[in-house]
>>> print(open('upload29.pdb').read())   # PDB, C-alpha atoms
ATOM      1  CA  MET R   1     -11.442  40.383 -41.924
ATOM      2  CA  SER R   2     -15.167  40.117 -42.551
ATOM      3  CA  MET R   3     -14.861  36.300 -42.627
ATOM      4  CA  LEU R   4     -13.385  36.159 -39.115
ATOM      5  CA  LEU R   5     -16.053  38.266 -37.393
ATOM      6  CA  PRO R   6     -19.662  37.122 -37.726
ATOM      7  CA  GLY R   7     -22.192  39.626 -38.914
ATOM      8  CA  LYS R   8     -24.979  41.110 -36.817
ATOM      9  CA  ALA R   9     -27.544  38.832 -38.413
ATOM     10  CA  THR R  10     -25.523  35.713 -37.581
ATOM     11  CA  MET R  11     -24.905  36.857 -34.000
ATOM     12  CA  THR R  12     -28.622  37.644 -33.534
ATOM     13  CA  PHE R  13     -29.519  34.204 -34.887
ATOM     14  CA  TYR R  14     -27.178  32.498 -32.364
ATOM     15  CA  VAL R  15     -28.563  34.497 -29.433
ATOM     16  CA  LEU R  16     -32.174  33.776 -30.410
ATOM     17  CA  SER R  17     -31.363  30.083 -30.852
ATOM     18  CA  VAL R  18     -29.869  29.846 -27.376
ATOM     19  CA  VAL R  19     -32.801  31.726 -25.796
ATOM     20  CA  GLY R  20     -35.280  29.474 -27.626
ATOM     21  CA  LEU R  21     -33.448  26.334 -26.526
ATOM     22  CA  LEU R  22     -33.475  27.490 -22.903
ATOM     23  CA  LEU R  23     -37.206  28.282 -23.031
ATOM     24  CA  VAL R  24     -38.000  24.879 -24.513
ATOM     25  CA  SER R  25     -35.912  23.116 -21.873
ATOM     26  CA  PHE R  26     -37.636  24.976 -19.004
ATOM     27  CA  VAL R  27     -41.099  24.311 -20.411
ATOM     28  CA  SER R  28     -40.383  20.613 -20.996
ATOM     29  CA  GLN R  29     -39.023  20.242 -17.446
ATOM     30  CA  GLY R  30     -42.174  21.761 -16.029
ATOM     31  CA  LYS R  31     -44.355  19.300 -17.920
ATOM     32  CA  CYS R  32     -42.383  16.257 -16.745
ATOM     33  CA  GLN R  33     -42.655  16.971 -13.054
ATOM     34  CA  THR R  34     -45.576  15.133 -11.485
ATOM     35  CA  THR R  35     -46.342  14.194  -7.929
ATOM     36  CA  ALA R  36     -46.423  10.518  -7.058
ATOM     37  CA  PRO R  37     -49.632   9.150  -5.617
ATOM     38  CA  PRO R  38     -49.486   8.481  -1.887
ATOM     39  CA  PRO R  39     -48.368   4.923  -1.070
ATOM     40  CA  PRO R  40     -51.041   2.551   0.171
ATOM     41  CA  PRO R  41     -51.169   2.000   3.950
ATOM     42  CA  CYS R  42     -49.367  -1.051   5.336
ATOM     43  CA  SER R  43     -52.521  -2.369   7.007
ATOM     44  CA  ILE R  44     -54.007  -3.529   3.667
ATOM     45  CA  ASN R  45     -51.332  -6.269   3.364
ATOM     46  CA  LYS R  46     -52.633  -9.555   4.763
ATOM     47  CA  ASN R  47     -49.515 -11.776   4.595
ATOM     48  CA  CYS R  48     -45.776 -11.442   5.109
ATOM     49  CA  ASP R  49     -44.851 -11.766   1.418
ATOM     50  CA  SER R  50     -46.965  -8.770   0.405
ATOM     51  CA  CYS R  51     -45.967  -6.695   3.466
ATOM     52  CA  VAL R  52     -42.150  -6.828   3.731
ATOM     53  CA  PRO R  53     -41.182  -5.672   0.199
ATOM     54  CA  HIS R  54     -42.273  -2.177   1.263
ATOM     55  CA  ALA R  55     -39.481  -0.546   3.285
ATOM     56  CA  LYS R  56     -41.908   1.310   5.526
ATOM     57  CA  CYS R  57     -43.841  -1.827   6.554
ATOM     58  CA  LEU R  58     -43.152  -4.348   9.319
ATOM     59  CA  TRP R  59     -44.788  -7.795   9.627
ATOM     60  CA  CYS R  60     -45.379  -9.295  13.051
ATOM     61  CA  PHE R  61     -45.974 -13.056  13.309
ATOM     62  CA  THR R  62     -47.454 -12.922  16.819
ATOM     63  CA  SER R  63     -50.364 -10.705  15.729
ATOM     64  CA  ASN R  64     -50.252 -11.634  11.982
ATOM     65  CA  ASN R  65     -50.582  -8.031  10.878
ATOM     66  CA  CYS R  66     -48.624  -5.537   8.820
ATOM     67  CA  THR R  67     -47.909  -2.224  10.525
ATOM     68  CA  ASP R  68     -45.997   0.921   9.708
ATOM     69  CA  TYR R  69     -42.336   0.642  10.677
ATOM     70  CA  PRO R  70     -41.773   3.088  13.546
ATOM     71  CA  VAL R  71     -39.190   5.416  12.058
ATOM     72  CA  THR R  72     -38.828   7.335  15.323
ATOM     73  CA  TRP R  73     -36.987   4.331  16.828
ATOM     74  CA  LEU R  74     -34.284   2.251  15.215
ATOM     75  CA  LEU R  75     -35.679  -0.895  16.809
ATOM     76  CA  PRO R  76     -39.422  -1.486  16.992
ATOM     77  CA  PRO R  77     -40.654  -1.434  20.594
ATOM     78  CA  ALA R  78     -41.601  -4.720  22.250
ATOM     79  CA  SER R  79     -45.169  -3.453  22.668
ATOM     80  CA  LEU R  80     -45.507  -3.355  18.885
ATOM     81  CA  CYS R  81     -43.861  -6.735  18.220
ATOM     82  CA  PRO R  82     -41.056  -8.827  19.799
ATOM     83  CA  LEU R  83     -37.828  -8.697  17.789
ATOM     84  CA  SER R  84     -37.766 -12.472  17.246
ATOM     85  CA  GLN R  85     -41.220 -12.321  15.613
ATOM     86  CA  ALA R  86     -40.768  -9.121  13.586
ATOM     87  CA  ARG R  87     -39.904  -9.319   9.870
ATOM     88  CA  TRP R  88     -38.618  -6.432   7.762
ATOM     89  CA  GLY R  89     -37.210  -6.671   4.233
ATOM     90  CA  VAL R  90     -37.565 -10.475   3.904
ATOM     91  CA  CYS R  91     -39.871 -13.001   5.582
ATOM     92  CA  TRP R  92     -37.239 -15.681   6.251
ATOM     93  CA  LEU R  93     -35.046 -13.463   8.471
ATOM     94  CA  ASN R  94     -36.304 -12.154  11.781
ATOM     95  CA  PHE R  95     -35.422  -8.674  12.958
ATOM     96  CA  GLU R  96     -33.216  -9.940  15.773
ATOM     97  CA  ALA R  97     -31.028 -12.000  13.400
ATOM     98  CA  LEU R  98     -30.936  -9.088  10.956
ATOM     99  CA  ILE R  99     -29.610  -6.759  13.658
ATOM    100  CA  ILE R 100     -26.990  -9.324  14.745
ATOM    101  CA  ALA R 101     -25.875  -9.920  11.152
ATOM    102  CA  LEU R 102     -25.597  -6.195  10.454
ATOM    103  CA  ALA R 103     -23.655  -5.674  13.685
ATOM    104  CA  VAL R 104     -21.213  -8.465  12.764
ATOM    105  CA  VAL R 105     -20.704  -7.053   9.249
ATOM    106  CA  ALA R 106     -20.249  -3.507  10.582
ATOM    107  CA  GLY R 107     -17.826  -4.748  13.272
ATOM    108  CA  THR R 108     -15.809  -6.692  10.707
ATOM    109  CA  ILE R 109     -15.597  -3.660   8.451
ATOM    110  CA  LEU R 110     -14.538  -1.382  11.333
ATOM    111  CA  ILE R 111     -11.907  -3.845  12.552
ATOM    112  CA  SER R 112     -10.487  -4.322   9.047
ATOM    113  CA  ILE R 113     -10.323  -0.556   8.512
ATOM    114  CA  SER R 114      -8.567  -0.033  11.854
ATOM    115  CA  VAL R 115      -6.084  -2.853  11.118
ATOM    116  CA  CYS R 116      -5.345  -1.343   7.708
ATOM    117  CA  CYS R 117      -4.825   2.093   9.264
ATOM    118  CA  CYS R 118      -2.503   0.665  11.923
ATOM    119  CA  CYS R 119      -0.496  -1.233   9.298
ATOM    120  CA  CYS R 120      -0.179   1.870   7.143
ATOM    121  CA  CYS R 121       0.946   3.970  10.119
ATOM    122  CA  CYS R 122       3.529   1.370  11.196
ATOM    123  CA  CYS R 123       4.897   1.035   7.665
ATOM    124  CA  LYS R 124       5.213   4.812   7.326
ATOM    125  CA  ARG R 125       7.200   4.990  10.558
ATOM    126  CA  ARG R 126       9.694   2.373   9.378
ATOM    127  CA  ARG R 127      10.216   3.723   5.852
ATOM    128  CA  PRO R 128      11.717   7.217   6.363
ATOM    129  CA  GLY R 129      15.204   6.136   7.420
ATOM    130  CA  PRO R 130      17.321   3.053   6.798
ATOM    131  CA  ASP R 131      17.431   0.547   9.585
ATOM    132  CA  ARG R 132      20.505  -0.250  11.713
ATOM    133  CA  ASP R 133      21.748  -3.111   9.546
ATOM    134  CA  GLU R 134      21.699  -0.977   6.412
ATOM    135  CA  GLU R 135      23.586   1.818   8.176
ATOM    136  CA  ARG R 136      26.183  -0.618   9.517
ATOM    137  CA  PHE R 137      26.724  -2.188   6.078
ATOM    138  CA  ALA R 138      27.024   1.235   4.458
ATOM    139  CA  ARG R 139      29.603   2.280   7.089
ATOM    140  CA  ARG R 140      31.633  -0.907   6.530
ATOM    141  CA  ARG R 141      31.557  -0.439   2.733
ATOM    142  CA  GLU R 142      32.826   3.123   3.141
ATOM    143  CA  GLU R 143      35.650   2.004   5.479
ATOM    144  CA  ILE R 144      36.710  -0.750   3.067
ATOM    145  CA  ARG R 145      36.671   1.700   0.155
ATOM    146  CA  GLN R 146      38.805   4.211   2.087
ATOM    147  CA  ARG R 147      41.376   1.532   3.077
ATOM    148  CA  ALA R 148      41.565   0.329  -0.529
ATOM    149  CA  GLU R 149      42.149   3.910  -1.668
ATOM    150  CA  GLU R 150      44.937   4.352   0.921
ATOM    151  CA  ARG R 151      46.628   1.104  -0.189
ATOM    152  CA  LYS R 152      46.394   2.208  -3.801
ATOM    153  CA  VAL R 153      48.108   5.524  -2.998
ATOM    154  CA  GLU R 154      50.866   3.693  -1.033
ATOM    155  CA  ARG R 155      51.484   1.271  -3.911
ATOM    156  CA  GLN R 156      51.628   4.121  -6.381
ATOM    157  CA  SER R 157      54.180   6.006  -4.264
ATOM    158  CA  LYS R 158      56.361   2.854  -3.894
ATOM    159  CA  HIS R 159      56.245   2.247  -7.635
ATOM    160  CA  ASP R 160      57.199   5.856  -8.336
ATOM    161  CA  GLU R 161      60.104   5.585  -5.887
ATOM    162  CA  ILE R 162      61.384   2.432  -7.608
ATOM    163  CA  ARG R 163      61.069   4.063 -11.033
ATOM    164  CA  ARG R 164      63.052   7.077  -9.857
ATOM    165  CA  LYS R 165      65.752   4.864  -8.343
ATOM    166  CA  TYR R 166      66.340   3.006 -11.567
ATOM    167  CA  GLY R 167      65.889   5.994 -13.809
ATOM    168  CA  LEU R 168      62.670   4.962 -15.430
ATOM    169  CA  MET R 169      61.004   8.277 -14.749
ATOM    170  CA  GLY R 170      61.012  11.145 -17.190
ATOM    171  CA  ASP R 171      62.554  13.886 -15.020
ATOM    172  CA  SER R 172      66.370  14.183 -14.725
ATOM    173  CA  ASP R 173      66.801  15.896 -11.364
ATOM    174  CA  HIS R 174      67.499  12.732  -9.379
ATOM    175  CA  PRO R 175      71.081  11.334  -9.073
ATOM    176  CA  TYR R 176      70.414   7.968 -10.705
ATOM    177  CA  SER R 177      69.154   9.241 -14.068
ATOM    178  CA  LYS R 178      70.126   7.383 -17.219
ATOM    179  CA  PHE R 179      72.866   8.756 -19.423
ATOM    180  CA  GLU R 180      71.595   9.628 -22.796
ATOM    181  CA  ASN R 181      73.653   9.691 -25.965
ATOM    182  CA  GLU R 182      73.718  13.009 -27.650
TER     183      GLU R 182
END
>>> encode(input="upload29.pdb", output="structure tokens")
Amino acid sequence: MSMLLPGKATMTFYVLSVVGLLLVSFVSQGKCQTTAPPPPPCSINKNCDSCVPHAKCLWCFTSNNCTDYPVTWLLPPASLCPLSQARWGVCWLNFEALIIALAVVAGTILISISVCCCCCCCCKRRRPGPDRDEERFARRREEIRQRAEERKVERQSKHDEIRRKYGLMGDSDHPYSKFENE
């Protein structure tokens, strides 16, 4: 019994180990947390290649300057830079083409999702019950089976009648039974 239950010293050791591990983990987390230095302003970039890799910067070819991307609007206003001359993300793709490409991709995704949903809904409507052809074939099979069963019963009754007539049946209550030697 003493081997199954740990002693007080062992239990105290486990509790102190867990408390120590938690303290070390909290202290080490506190040491690792540092604040990042503020990012440099976009205006220090002098060409498109150094400006557009930063997500918050927008390069304008008409004024050849790098400005902060206006996060209050989805599209930069025309007073800041025309869409055909604005570059964001990459220098070889203007903002206007980027918006058109994203709209086409989003439209394609939405259309494909709606087509898939419509197909799934239509397939679910057709699956619950068998269609008319299956019901008709099942009805015909059942009718054929019932007629075959009726013919089988009629044949059996005719055969039994013939057996009784000629005395081939086991019971002796009919008038044409065979005479047996005793």
>>> residues_near_point(input="upload29.pdb", point="(-38.4, -11.0, 19.4)", cutoff="10 Å", atoms="all atoms listed in the file", output="JSON, numbers by chain")
{"R": [60, 61, 62, 76, 77, 78, 81, 82, 83, 84, 85, 86, 87, 94, 95, 96, 97]}
>>> residues_around(input="upload29.pdb", residues="R:His54", least_positions_apart="6", cutoff="10 Å", atoms="only C-alpha atoms", output="PyMOL selection string")
chain R and resi 39+42+68-69+88-90
>>> atom_distance(input="upload29.pdb", atom1="atom CA of R:Arg136", atom2="atom CA of R:Cys118")
28.8 Å
>>> atom_distance(input="upload29.pdb", atom1="atom CA of R:Leu93", atom2="atom CA of R:Ser112")
26.2 Å
>>> atom_distance(input="upload29.pdb", atom1="atom CA of R:Phe137", atom2="atom CA of R:Cys123")
22.1 Å
>>> closest_residue(input="upload29.pdb", among="R:Pro53, R:Ala106, R:Glu149, R:Ser43", to="R:Thr67", atoms="all atoms listed in the file")
R:Ser43
